[in-house]
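Colleague: Please find start-v7.csv (CSV, C-alpha atoms) on the next line:
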```
chain,number,residue,atom,x,y,z
A,210,THR,CA,-18.7,38.5,-14.4
A,211,MET,CA,-16.5,40.2,-17.0
A,212,ASP,CA,-17.6,37.6,-19.5
A,213,LYS,CA,-21.2,38.4,-18.9
A,214,PHE,CA,-20.6,42.1,-19.3
A,215,ARG,CA,-18.7,41.4,-22.5
A,216,MET,CA,-21.6,39.3,-23.8
A,217,ILE,CA,-24.1,42.0,-23.0
A,218,PHE,CA,-21.9,44.7,-24.6
A,219,GLN,CA,-21.5,42.5,-27.8
A,220,PHE,CA,-25.3,42.0,-27.9
A,221,LEU,CA,-25.9,45.7,-27.6
A,222,GLN,CA,-23.4,46.4,-30.4
A,223,SER,CA,-25.0,43.8,-32.7
A,224,ASN,CA,-28.5,45.2,-31.9
A,225,GLN,CA,-27.6,48.8,-31.8
A,226,GLU,CA,-30.7,50.0,-33.7
A,227,SER,CA,-33.1,48.2,-31.3
A,228,PHE,CA,-31.1,49.4,-28.4
A,229,MET,CA,-31.3,53.0,-29.5
A,230,ASN,CA,-35.0,52.7,-30.1
A,231,GLY,CA,-35.4,51.4,-26.6
A,232,ILE,CA,-33.3,54.3,-25.2
A,233,CYS,CA,-35.5,56.8,-27.1
A,234,GLY,CA,-38.7,55.2,-25.8
A,235,ILE,CA,-37.3,55.4,-22.2
A,236,MET,CA,-36.5,59.1,-22.7
A,237,ALA,CA,-40.0,59.7,-24.0
A,238,LEU,CA,-41.5,58.2,-20.9
A,239,ALA,CA,-39.0,60.1,-18.8
A,240,SER,CA,-40.0,63.4,-20.4
A,241,ALA,CA,-43.7,62.7,-19.6
A,242,GLN,CA,-42.8,61.8,-16.0
A,243,MET,CA,-40.7,64.9,-15.7
A,244,TYR,CA,-43.5,67.1,-16.8
A,245,SER,CA,-45.9,65.5,-14.3
A,246,ALA,CA,-43.4,66.0,-11.5
A,247,PHE,CA,-42.7,69.6,-12.6
A,248,ASP,CA,-44.2,72.3,-10.5
A,249,PHE,CA,-45.5,74.9,-12.9
A,250,ASN,CA,-45.7,78.3,-11.3
A,251,CYS,CA,-47.0,81.0,-13.6
A,252,PRO,CA,-45.7,84.5,-12.6
A,253,CYS,CA,-49.1,86.1,-13.3
A,254,LEU,CA,-47.5,89.3,-14.5
A,255,PRO,CA,-48.3,90.9,-17.8
A,256,GLY,CA,-44.6,91.1,-18.9
A,257,TYR,CA,-43.5,87.7,-17.8
A,258,ASN,CA,-46.3,85.2,-18.5
A,259,ALA,CA,-45.5,84.7,-22.2
A,260,ALA,CA,-41.7,84.5,-21.7
A,261,TYR,CA,-42.0,82.0,-18.8
A,262,SER,CA,-44.5,79.8,-20.8
A,263,MET,CA,-42.4,79.8,-24.0
A,264,GLY,CA,-39.4,78.8,-21.9
A,265,ILE,CA,-41.2,75.9,-20.4
A,266,LEU,CA,-42.5,74.8,-23.8
A,267,LEU,CA,-39.3,75.1,-25.8
A,268,ALA,CA,-36.3,74.8,-23.4
A,269,PRO,CA,-36.8,71.3,-22.1
A,270,PRO,CA,-37.5,69.9,-25.6
A,271,LEU,CA,-34.2,71.4,-26.8
A,272,VAL,CA,-32.3,69.8,-23.9
A,273,LEU,CA,-34.0,66.4,-24.5
A,274,PHE,CA,-33.1,66.7,-28.2
A,275,LEU,CA,-29.5,67.4,-27.5
A,276,LEU,CA,-29.4,64.5,-24.9
A,277,GLY,CA,-30.9,62.2,-27.6
A,278,LEU,CA,-28.1,63.2,-30.0
A,279,VAL,CA,-25.4,62.9,-27.3
A,280,MET,CA,-26.5,59.4,-26.3
A,281,ASN,CA,-26.4,58.2,-30.0
A,282,ASN,CA,-23.0,56.7,-30.8
A,283,ASN,CA,-23.3,57.7,-34.4
A,284,VAL,CA,-22.9,61.5,-33.7
A,285,SER,CA,-19.1,61.2,-33.5
A,286,MET,CA,-19.1,59.0,-36.6
A,287,LEU,CA,-21.2,61.6,-38.5
A,288,ALA,CA,-18.8,64.4,-37.4
A,289,GLU,CA,-15.7,62.5,-38.4
A,290,GLU,CA,-17.2,61.7,-41.8
A,291,TRP,CA,-18.2,65.3,-42.4
A,292,LYS,CA,-14.9,66.8,-41.4
A,293,ARG,CA,-12.5,64.2,-42.8
A,294,PRO,CA,-10.4,65.2,-45.9
A,295,PRO,CA,-11.7,63.6,-49.1
A,296,GLY,CA,-8.4,61.8,-49.9
A,297,HIS,CA,-9.1,58.8,-52.2
A,298,ARG,CA,-12.7,58.6,-51.1
A,299,ALA,CA,-15.3,61.3,-51.9
A,300,LYS,CA,-17.8,62.3,-49.4
A,301,ASP,CA,-21.5,61.7,-50.3
A,302,PRO,CA,-23.8,64.4,-49.0
A,303,ALA,CA,-26.8,62.0,-49.4
A,304,VAL,CA,-25.1,59.5,-46.9
A,305,LEU,CA,-24.5,62.3,-44.4
A,306,ARG,CA,-28.1,63.5,-44.7
A,307,TYR,CA,-29.3,59.9,-44.2
A,308,MET,CA,-27.2,59.5,-41.1
A,309,PHE,CA,-28.3,62.8,-39.6
A,310,CYS,CA,-32.0,62.2,-40.3
A,311,SER,CA,-31.8,58.7,-38.7
A,312,MET,CA,-30.3,60.2,-35.6
A,313,ALA,CA,-32.7,63.2,-35.5
A,314,GLN,CA,-35.8,61.0,-35.9
A,315,ARG,CA,-34.9,59.1,-32.7
A,316,ALA,CA,-33.7,62.2,-30.8
A,317,LEU,CA,-37.0,64.0,-31.6
A,318,ILE,CA,-39.2,61.5,-29.9
A,319,ALA,CA,-38.8,62.8,-26.3
A,320,PRO,CA,-39.2,66.5,-27.3
A,321,VAL,CA,-42.3,65.7,-29.2
A,322,VAL,CA,-43.8,63.9,-26.2
A,323,TRP,CA,-42.9,66.9,-24.0
A,324,VAL,CA,-44.6,69.4,-26.3
A,325,ALA,CA,-47.7,67.2,-26.7
A,326,VAL,CA,-48.1,66.6,-23.0
A,327,THR,CA,-47.6,70.3,-22.3
A,328,LEU,CA,-50.3,71.4,-24.8
A,329,LEU,CA,-52.7,68.7,-23.7
A,330,ASP,CA,-52.3,69.7,-20.0
A,331,GLY,CA,-53.1,73.4,-20.9
A,332,LYS,CA,-51.3,75.1,-18.0
A,333,CYS,CA,-48.6,76.6,-20.2
A,334,PHE,CA,-51.0,77.8,-22.8
A,335,LEU,CA,-53.2,79.3,-20.2
A,336,CYS,CA,-50.3,81.2,-18.7
A,337,ALA,CA,-49.0,82.4,-22.1
A,338,PHE,CA,-52.3,83.6,-23.6
A,339,CYS,CA,-54.4,84.6,-20.6
A,340,THR,CA,-54.1,88.3,-21.6
A,341,ALA,CA,-55.5,87.6,-25.0
A,342,VAL,CA,-58.9,86.3,-23.7
A,343,PRO,CA,-61.8,88.0,-25.6
A,344,VAL,CA,-63.4,89.6,-22.6
A,345,THR,CA,-66.2,91.2,-24.7
A,346,ALA,CA,-67.4,87.7,-25.8
A,347,LEU,CA,-66.9,85.8,-22.6
A,348,GLY,CA,-67.4,88.4,-19.8
A,349,ASN,CA,-68.9,91.7,-19.0
A,350,GLY,CA,-68.0,93.6,-22.2
A,351,SER,CA,-69.7,96.8,-21.2
A,352,LEU,CA,-67.0,97.4,-18.5
A,353,VAL,CA,-64.0,97.0,-20.9
A,354,PRO,CA,-64.1,100.5,-22.5
A,355,GLY,CA,-63.8,102.2,-19.1
A,356,LEU,CA,-60.7,100.2,-18.0
A,357,PRO,CA,-57.2,101.4,-18.9
A,358,ALA,CA,-55.2,98.9,-21.0
A,359,SER,CA,-52.6,98.3,-18.3
A,360,GLU,CA,-55.3,97.6,-15.7
A,361,LEU,CA,-57.0,95.1,-18.0
A,362,ALA,CA,-53.8,93.3,-18.7
A,363,ARG,CA,-53.0,93.2,-15.0
A,364,LEU,CA,-56.4,91.6,-14.2
A,365,LEU,CA,-56.2,89.1,-17.1
A,366,ALA,CA,-52.6,88.1,-16.3
A,367,ARG,CA,-53.8,86.8,-12.9
A,368,LEU,CA,-56.1,84.3,-14.4
A,369,PRO,CA,-53.7,81.3,-13.9
A,370,CYS,CA,-53.4,82.2,-10.2
A,371,PRO,CA,-56.8,81.6,-8.4
A,372,GLU,CA,-55.5,82.8,-5.1
A,373,ILE,CA,-54.8,86.3,-6.3
A,374,TYR,CA,-57.3,86.7,-9.2
A,375,ASP,CA,-59.7,89.5,-8.3
A,376,GLY,CA,-61.5,90.1,-11.7
A,377,ASP,CA,-64.6,88.0,-11.3
A,378,TRP,CA,-66.7,91.1,-11.7
A,379,LEU,CA,-65.2,91.5,-15.2
A,380,LEU,CA,-64.7,87.9,-16.3
A,381,ALA,CA,-65.4,84.6,-14.5
A,382,ARG,CA,-62.2,82.7,-14.1
A,383,GLU,CA,-63.6,79.3,-14.7
A,384,VAL,CA,-65.0,80.4,-18.1
A,385,ALA,CA,-61.6,81.8,-19.2
A,386,VAL,CA,-59.7,78.7,-18.0
A,387,ARG,CA,-62.0,76.3,-19.8
A,388,TYR,CA,-61.8,78.4,-23.0
A,389,LEU,CA,-58.0,78.5,-23.1
A,390,ARG,CA,-57.6,74.9,-22.1
A,391,CYS,CA,-60.0,73.8,-24.8
A,392,ILE,CA,-57.8,75.6,-27.4
A,393,SER,CA,-54.6,74.2,-25.9
A,394,GLN,CA,-55.9,70.6,-26.1
A,395,ALA,CA,-57.1,71.1,-29.6
A,396,LEU,CA,-53.6,72.3,-30.5
A,397,GLY,CA,-52.1,69.4,-28.7
A,398,TRP,CA,-54.1,66.8,-30.5
A,399,SER,CA,-53.5,68.5,-33.8
A,400,PHE,CA,-49.7,68.5,-33.0
A,401,VAL,CA,-49.9,64.8,-32.2
A,402,LEU,CA,-51.8,64.1,-35.5
A,403,LEU,CA,-49.4,66.1,-37.6
A,404,THR,CA,-46.3,64.5,-36.1
A,405,THR,CA,-47.7,61.1,-36.5
A,406,LEU,CA,-48.6,61.7,-40.2
A,407,LEU,CA,-45.1,63.2,-40.8
A,408,ALA,CA,-43.4,60.2,-39.2
A,409,PHE,CA,-45.5,57.9,-41.4
A,410,VAL,CA,-44.6,59.8,-44.5
A,411,VAL,CA,-40.9,59.9,-43.7
A,412,ARG,CA,-40.7,56.2,-42.6
A,413,SER,CA,-43.1,54.6,-45.1
A,414,VAL,CA,-43.8,56.7,-48.1
A,415,ARG,CA,-40.5,58.4,-48.8
A,416,PRO,CA,-38.5,55.3,-49.6
A,417,CYS,CA,-41.1,54.3,-52.2
A,418,PHE,CA,-40.4,57.3,-54.4
A,419,THR,CA,-36.6,57.3,-53.9
A,420,GLN,CA,-35.9,53.6,-53.4
A,421,ALA,CA,-32.6,53.5,-55.3
A,422,ALA,CA,-31.1,56.5,-53.5
A,423,PHE,CA,-32.5,55.4,-50.2
A,424,LEU,CA,-30.9,51.9,-50.5
A,425,LYS,CA,-27.5,53.5,-51.5
A,426,SER,CA,-27.6,55.9,-48.6
A,427,LYS,CA,-28.6,53.2,-46.2
A,428,TYR,CA,-25.9,50.7,-47.5
A,429,TRP,CA,-23.0,53.2,-47.3
A,430,SER,CA,-24.2,54.5,-43.9
A,431,HIS,CA,-24.0,51.0,-42.5
A,432,TYR,CA,-20.7,50.5,-44.3
A,433,ILE,CA,-19.2,53.5,-42.6
A,434,ASP,CA,-20.4,52.3,-39.2
A,435,ILE,CA,-19.1,48.8,-39.7
A,436,GLU,CA,-15.8,50.0,-41.1
A,437,ARG,CA,-15.3,52.3,-38.1
A,438,ARG,CA,-16.0,49.5,-35.6
A,439,LEU,CA,-13.7,47.1,-37.4
A,440,PHE,CA,-10.9,49.7,-37.5
A,441,ASP,CA,-11.3,50.3,-33.8
A,442,GLU,CA,-11.3,46.6,-33.1
A,443,THR,CA,-8.2,46.1,-35.2
A,444,CYS,CA,-6.4,49.0,-33.5
A,445,THR,CA,-7.4,47.6,-30.1
A,446,GLU,CA,-6.0,44.2,-31.1
A,447,HIS,CA,-2.8,45.8,-32.4
A,448,ALA,CA,-2.4,47.8,-29.2
A,449,LYS,CA,-2.8,44.7,-27.1
A,450,ALA,CA,-0.2,42.8,-29.2
A,451,PHE,CA,2.1,45.8,-29.2
A,452,ALA,CA,1.9,46.2,-25.4
A,453,LYS,CA,2.4,42.4,-24.9
A,454,VAL,CA,5.5,42.2,-27.1
A,455,CYS,CA,6.9,45.4,-25.6
A,456,ILE,CA,6.5,44.0,-22.1
A,457,GLN,CA,8.0,40.7,-23.1
A,458,GLN,CA,11.0,42.5,-24.6
A,459,PHE,CA,11.5,44.5,-21.4
A,460,PHE,CA,11.4,41.4,-19.2
A,461,GLU,CA,13.8,39.6,-21.6
A,462,ALA,CA,16.2,42.5,-21.5
A,463,MET,CA,16.1,42.6,-17.7
A,464,ASN,CA,16.6,38.8,-17.6
A,465,ASN,CA,19.7,39.1,-19.8
A,466,ASP,CA,21.1,41.9,-17.6
A,467,LEU,CA,20.6,39.8,-14.5
A,468,GLU,CA,22.2,36.7,-16.1
A,469,LEU,CA,25.2,38.8,-17.1
A,470,GLY,CA,25.5,40.1,-13.6
A,471,HIS,CA,25.4,36.6,-12.1
A,472,ALA,CA,27.8,35.3,-14.8
A,473,HIS,CA,30.4,38.0,-13.8
A,474,GLY,CA,30.1,37.2,-10.1
A,475,ALA,CA,30.5,33.4,-10.8
A,476,MET,CA,33.6,34.0,-13.0
A,477,ALA,CA,35.3,35.8,-10.1
A,478,MET,CA,34.6,32.9,-7.7
A,479,ALA,CA,34.6,29.8,-9.8
A,480,PRO,CA,35.5,28.5,-13.2
A,481,ALA,CA,33.3,29.7,-16.1
A,482,SER,CA,30.1,27.7,-16.5
A,483,LYS,CA,27.9,27.4,-19.5
A,484,ALA,CA,25.3,30.2,-19.6
A,485,ALA,CA,21.7,29.1,-19.4
A,486,PRO,CA,20.0,28.9,-22.8
A,487,MET,CA,17.6,31.7,-23.7
A,488,PRO,CA,13.9,30.8,-23.7
A,489,PRO,CA,12.4,30.6,-27.1
A,490,ASP,CA,10.4,33.5,-28.3
A,491,GLY,CA,6.8,32.9,-27.4
A,492,GLY,CA,5.3,36.0,-28.9
A,493,GLU,CA,5.1,34.9,-32.5
A,494,GLU,CA,1.3,35.2,-32.5
A,495,GLU,CA,1.5,38.7,-31.1
A,496,ARG,CA,4.1,39.6,-33.6
A,497,GLU,CA,1.9,38.5,-36.4
A,498,LYS,CA,-0.9,40.7,-35.1
A,499,LEU,CA,1.4,43.7,-35.3
A,500,ARG,CA,1.2,43.4,-39.2
A,501,GLY,CA,4.7,45.0,-39.5
A,502,ILE,CA,3.9,48.1,-37.5
A,503,THR,CA,6.5,47.8,-34.8
A,504,ASP,CA,7.2,51.3,-33.6
A,505,GLN,CA,5.4,54.4,-32.5
A,506,GLY,CA,6.3,56.6,-35.5
A,507,ALA,CA,5.0,54.0,-38.0
A,508,MET,CA,1.7,53.7,-36.0
A,509,ASN,CA,1.3,57.4,-35.9
A,510,ARG,CA,1.8,57.6,-39.7
A,511,LEU,CA,-0.7,54.9,-40.2
A,512,LEU,CA,-3.3,56.6,-38.1
A,513,THR,CA,-2.7,60.0,-39.9
A,514,SER,CA,-2.9,58.3,-43.3
A,515,TRP,CA,-6.2,56.6,-42.3
A,516,HIS,CA,-7.6,60.0,-41.3
A,517,LYS,CA,-6.3,62.0,-44.2
A,518,CYS,CA,-6.5,59.5,-47.0
A,519,LYS,CA,-8.8,56.5,-46.5
A,520,PRO,CA,-8.4,53.8,-49.1
A,521,PRO,CA,-10.7,53.9,-52.1
A,522,LEU,CA,-13.9,51.8,-52.1
A,523,ARG,CA,-12.6,49.5,-54.9
A,524,LEU,CA,-11.6,45.9,-54.4
A,525,GLY,CA,-9.7,43.7,-56.8
A,526,ARG,CA,-8.0,46.1,-59.1
A,527,GLU,CA,-7.3,43.4,-61.6
A,528,GLU,CA,-11.0,43.1,-62.2
A,529,PRO,CA,-12.8,45.4,-64.7
A,530,LEU,CA,-14.7,48.3,-63.1
A,531,LEU,CA,-18.3,48.7,-63.6
A,532,MET,CA,-19.0,52.1,-65.2
A,533,GLY,CA,-22.6,53.2,-65.7
A,534,ASN,CA,-24.5,50.5,-67.5
A,535,GLY,CA,-21.4,48.7,-69.0
A,536,TRP,CA,-17.9,47.6,-68.1
A,537,ALA,CA,-14.8,49.6,-68.7
A,538,GLY,CA,-12.1,47.5,-70.4
A,539,GLY,CA,-11.7,43.8,-70.4
A,540,GLY,CA,-13.8,43.3,-73.6
A,541,PRO,CA,-17.3,41.8,-73.6
A,542,GLN,CA,-18.3,40.1,-70.4
A,543,PRO,CA,-19.9,36.6,-70.5
A,544,LEU,CA,-23.6,36.4,-69.7
A,545,ARG,CA,-24.5,35.2,-66.3
A,546,LYS,CA,-27.6,33.7,-64.9
A,547,GLU,CA,-29.1,35.7,-62.1
A,548,VAL,CA,-31.5,34.1,-59.7
A,549,ALA,CA,-33.5,36.4,-57.4
A,550,THR,CA,-34.7,34.9,-54.1
A,551,TYR,CA,-37.4,36.7,-52.1
A,552,PHE,CA,-38.0,36.0,-48.5
A,553,SER,CA,-40.0,37.7,-45.7
A,554,LYS,CA,-39.6,37.9,-42.0
A,555,VAL,CA,-42.5,36.3,-40.1
```
Rewrite the structure from the file as C-alpha cells, please.
Modeller:
Amino acid sequence: TMDKFRMIFQFLQSNQESFMNGICGIMALASAQMYSAFDFNCPCLPGYNAAYSMGILLAPPLVLFLLGLVMNNNVSMLAEEWKRPPGHRAKDPAVLRYMFCSMAQRALIAPVVWVAVTLLDGKCFLCAFCTAVPVTALGNGSLVPGLPASELARLLARLPCPEIYDGDWLLAREVAVRYLRCISQALGWSFVLLTTLLAFVVRSVRPCFTQAAFLKSKYWSHYIDIERRLFDETCTEHAKAFAKVCIQQFFEAMNNDLELGHAHGAMAMAPASKAAPMPPDGGEEEREKLRGITDQGAMNRLLTSWHKCKPPLRLGREEPLLMGNGWAGGGPQPLRKEVATYFSKV
C-alpha cells in the first residue's frame, strides 16, 4: 500500500502543472456549486442592500483566490526566493514576476467563475441596484414628485422581496426585476468575454513579443523549483543516513557495555576467555551518504550557508565564461557546427 501511495505521490510531483490545473478546475466547479447551494437573502433595506450584495460578490472570490494560492506549492518557494539574501546569486525580479503570475492565473479561475455566475444569476445585482431603478421611465412617473426621497428608497429597496413589496401602484415589480436582471446578465457575459480575451492575450500573445525574456524567466523558474526539490530530497537522504548511523552507534556502544559487564563477571568466576570479535561496520553506505557532515553543528552551518549564500550559477570554473556576445579570456574559440532539430507534440 505504501508503495502505491509513493508511486502516486511521485506521479503528482512529476506532473505538478497538470495536477494544479486539475485542482483549479475542481475549485471552479466547486465555486459554481457553492453559489447554487447558497441561500441569497437580500435584507431589502435602503442602507444595507448594497453592502450585502457587494459582500456576496467580492468576499467569496477573495477567499477562493487565497485558497488557490495556499494550495499551490510554489507559494513558499516564491516567498523564500523573494526574502532570501542575495549572497553569490542575484535575485531576478523577472523570475519572481513570472512565478507570481503563473500562480495568480490558476488561483483566479475559481473567483472569476464565482463573479460570472453571480452576475449571470442577477439576484445580487438586483439587490444592490434596486433603489436606482428609473421609476419615471418604467413606472408611474407622475407620482414620484409627491413622494419623499426616503419613502421612495424604502419602496424600491423591497423589490427583491416579493412577499413584502407593496409598491405595485408605483412600479410593477416584474418590470423592475426584468430590467435589472437584463443589465446584470449583460454585465456577466461582458465580464466572461473580457476575462477570456485577457487570458488569451496573456497566454498566447505576450510570449510572442517577449520570447527571449519569457524563456529566460520560465527556465529559471523551473530551475528554482527543481533545485529546491533536489535539495529537500538530498536533506531527507542525509537525515535518514544520519539517523541510521547514529542508531547503529548507539546499539554498538550498548553492546560493548554489555560485553564488558559480562567479561568482568566471567573473570571473577572463571579464567579469562577471549572476547567475542566486534561485528564489522555495516554502515559504510550510509556514511558515504553523509558527505562528511557528521555532527549537528556542521549540518546547521550548512543549512545556514545554503539560505544566506547559495552557490553561484556557474559550473566548470576552468572553462571560459560567456560574456555578452563573446567569450571572456581563453583566446579565440574554435568554430562549432550547430544542428537545430525541430519536433512537435502530436
Colleague: Would you be able to write out as a list in words which residues have an atom within 9 Å of (0.7, 44.7, -36.5) in the file's coordinates, counting all atoms listed in the file?
Modeller: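 Looking at atoms near the point gives Cys444, Glu446, His447, Ala448, Ala450, Phe451, Glu495, Arg496, Glu497, Lys498, Leu499, Arg500, Gly501, Ile502 and Thr503 of chain A.
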Colleague: So which residues are close to (-25.2, 53.2, -47.5), meaning at most 12 Å away in the file's coordinates with all atoms listed in the file counted, and can you show them as a list of chain:residue names?
Modeller: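 These residues have at least one counted atom within 12 Å: A:Lys300, A:Asp301, A:Pro302, A:Ala303, A:Val304, A:Leu305, A:Arg306, A:Tyr307, A:Met308, A:Ala421, A:Ala422, A:Phe423, A:Leu424, A:Lys425, A:Ser426, A:Lys427, A:Tyr428, A:Trp429, A:Ser430, A:His431, A:Tyr432, A:Ile433, A:Asp434, A:Ile435, A:Glu436.
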Colleague: Determine the nearest neighbour of A:Arg367 from the options A:Leu335, A:Leu396, A:Gly506, A:Leu275, counting all atoms listed in the file.
Modeller: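 Among the listed residues, the smallest separation from A:Arg367 belongs to A:Leu335.
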Colleague: For a quick check of understanding, using all atoms listed in the file, which of A:Cys336, A:Ile456, A:Cys417, A:Leu238 has the smallest distance to A:Leu254?
Modeller: A:Cys336
Colleague: For a test of reading the model, state the distance in Å between atom CA of A:Asp377 and atom CA of A:Phe247, rounded to one decimal.
Modeller: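 Calculated distance between atom CA of A:Asp377 and atom CA of A:Phe247 is 28.6 Å.
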Colleague: Considering all atoms listed in the file, state which residue in the set A:Lys517, A:Pro294, A:Met236, A:Arg412 is at the smallest distance from A:Ile318.
Modeller: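 Of the candidates, the smallest distance to A:Ile318 is held by A:Met236.
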Colleague: Quick one, how far is atom CA of A:Leu389 from atom CA of A:Thr404?
Modeller: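 Those two atoms sit 22.4 Å apart.
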Colleague: Between A:Asn258, A:Ser413, A:Thr419, A:Asn282, which is the closest to A:Ala366 once you count all atoms listed in the file?
Modeller: A:Asn258
Colleague: How many Å separate atom CA of A:Ala313 from atom CA of A:Phe274?
Modeller: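 Computing the Euclidean distance for atom CA of A:Ala313 and atom CA of A:Phe274 yields 8.1 Å.
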Colleague: Counting all atoms listed in the file, figure out which residue out of A:Cys333, A:Ala299, A:Ala246, A:Val284 gets nearest to A:Ala260.
Modeller: A:Cys333
Colleague: I'd like to know which of A:Gly350, A:Leu273, A:Leu364, A:Leu402 is closest to A:Ile235, using only C-alpha atoms.
Modeller: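 Looking only at the distances to A:Ile235, the closest residue turns out to be A:Leu273.
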Colleague: Hey, what's within 12 Å of A:Gly264 if we count all atoms listed in the file and toss same-chain stuff fewer than 5 positions away? As a ChimeraX atom specification, please?
Modeller: /A:249,251,257-259,269-272,324,327,333-334,336-337
Colleague: Kindly list the centre and edge lengths in Å, rounded to one decimal, for the axis-aligned box that covers all listed atoms of stretch 382-389 of chain A plus 5 Å on each of its six sides, as lines of an AutoDock Vina configuration file.
Modeller:
```
center_x = -61.5
center_y = 79.5
center_z = -18.6
size_x = 17.0
size_y = 16.4
size_z = 19.0
```
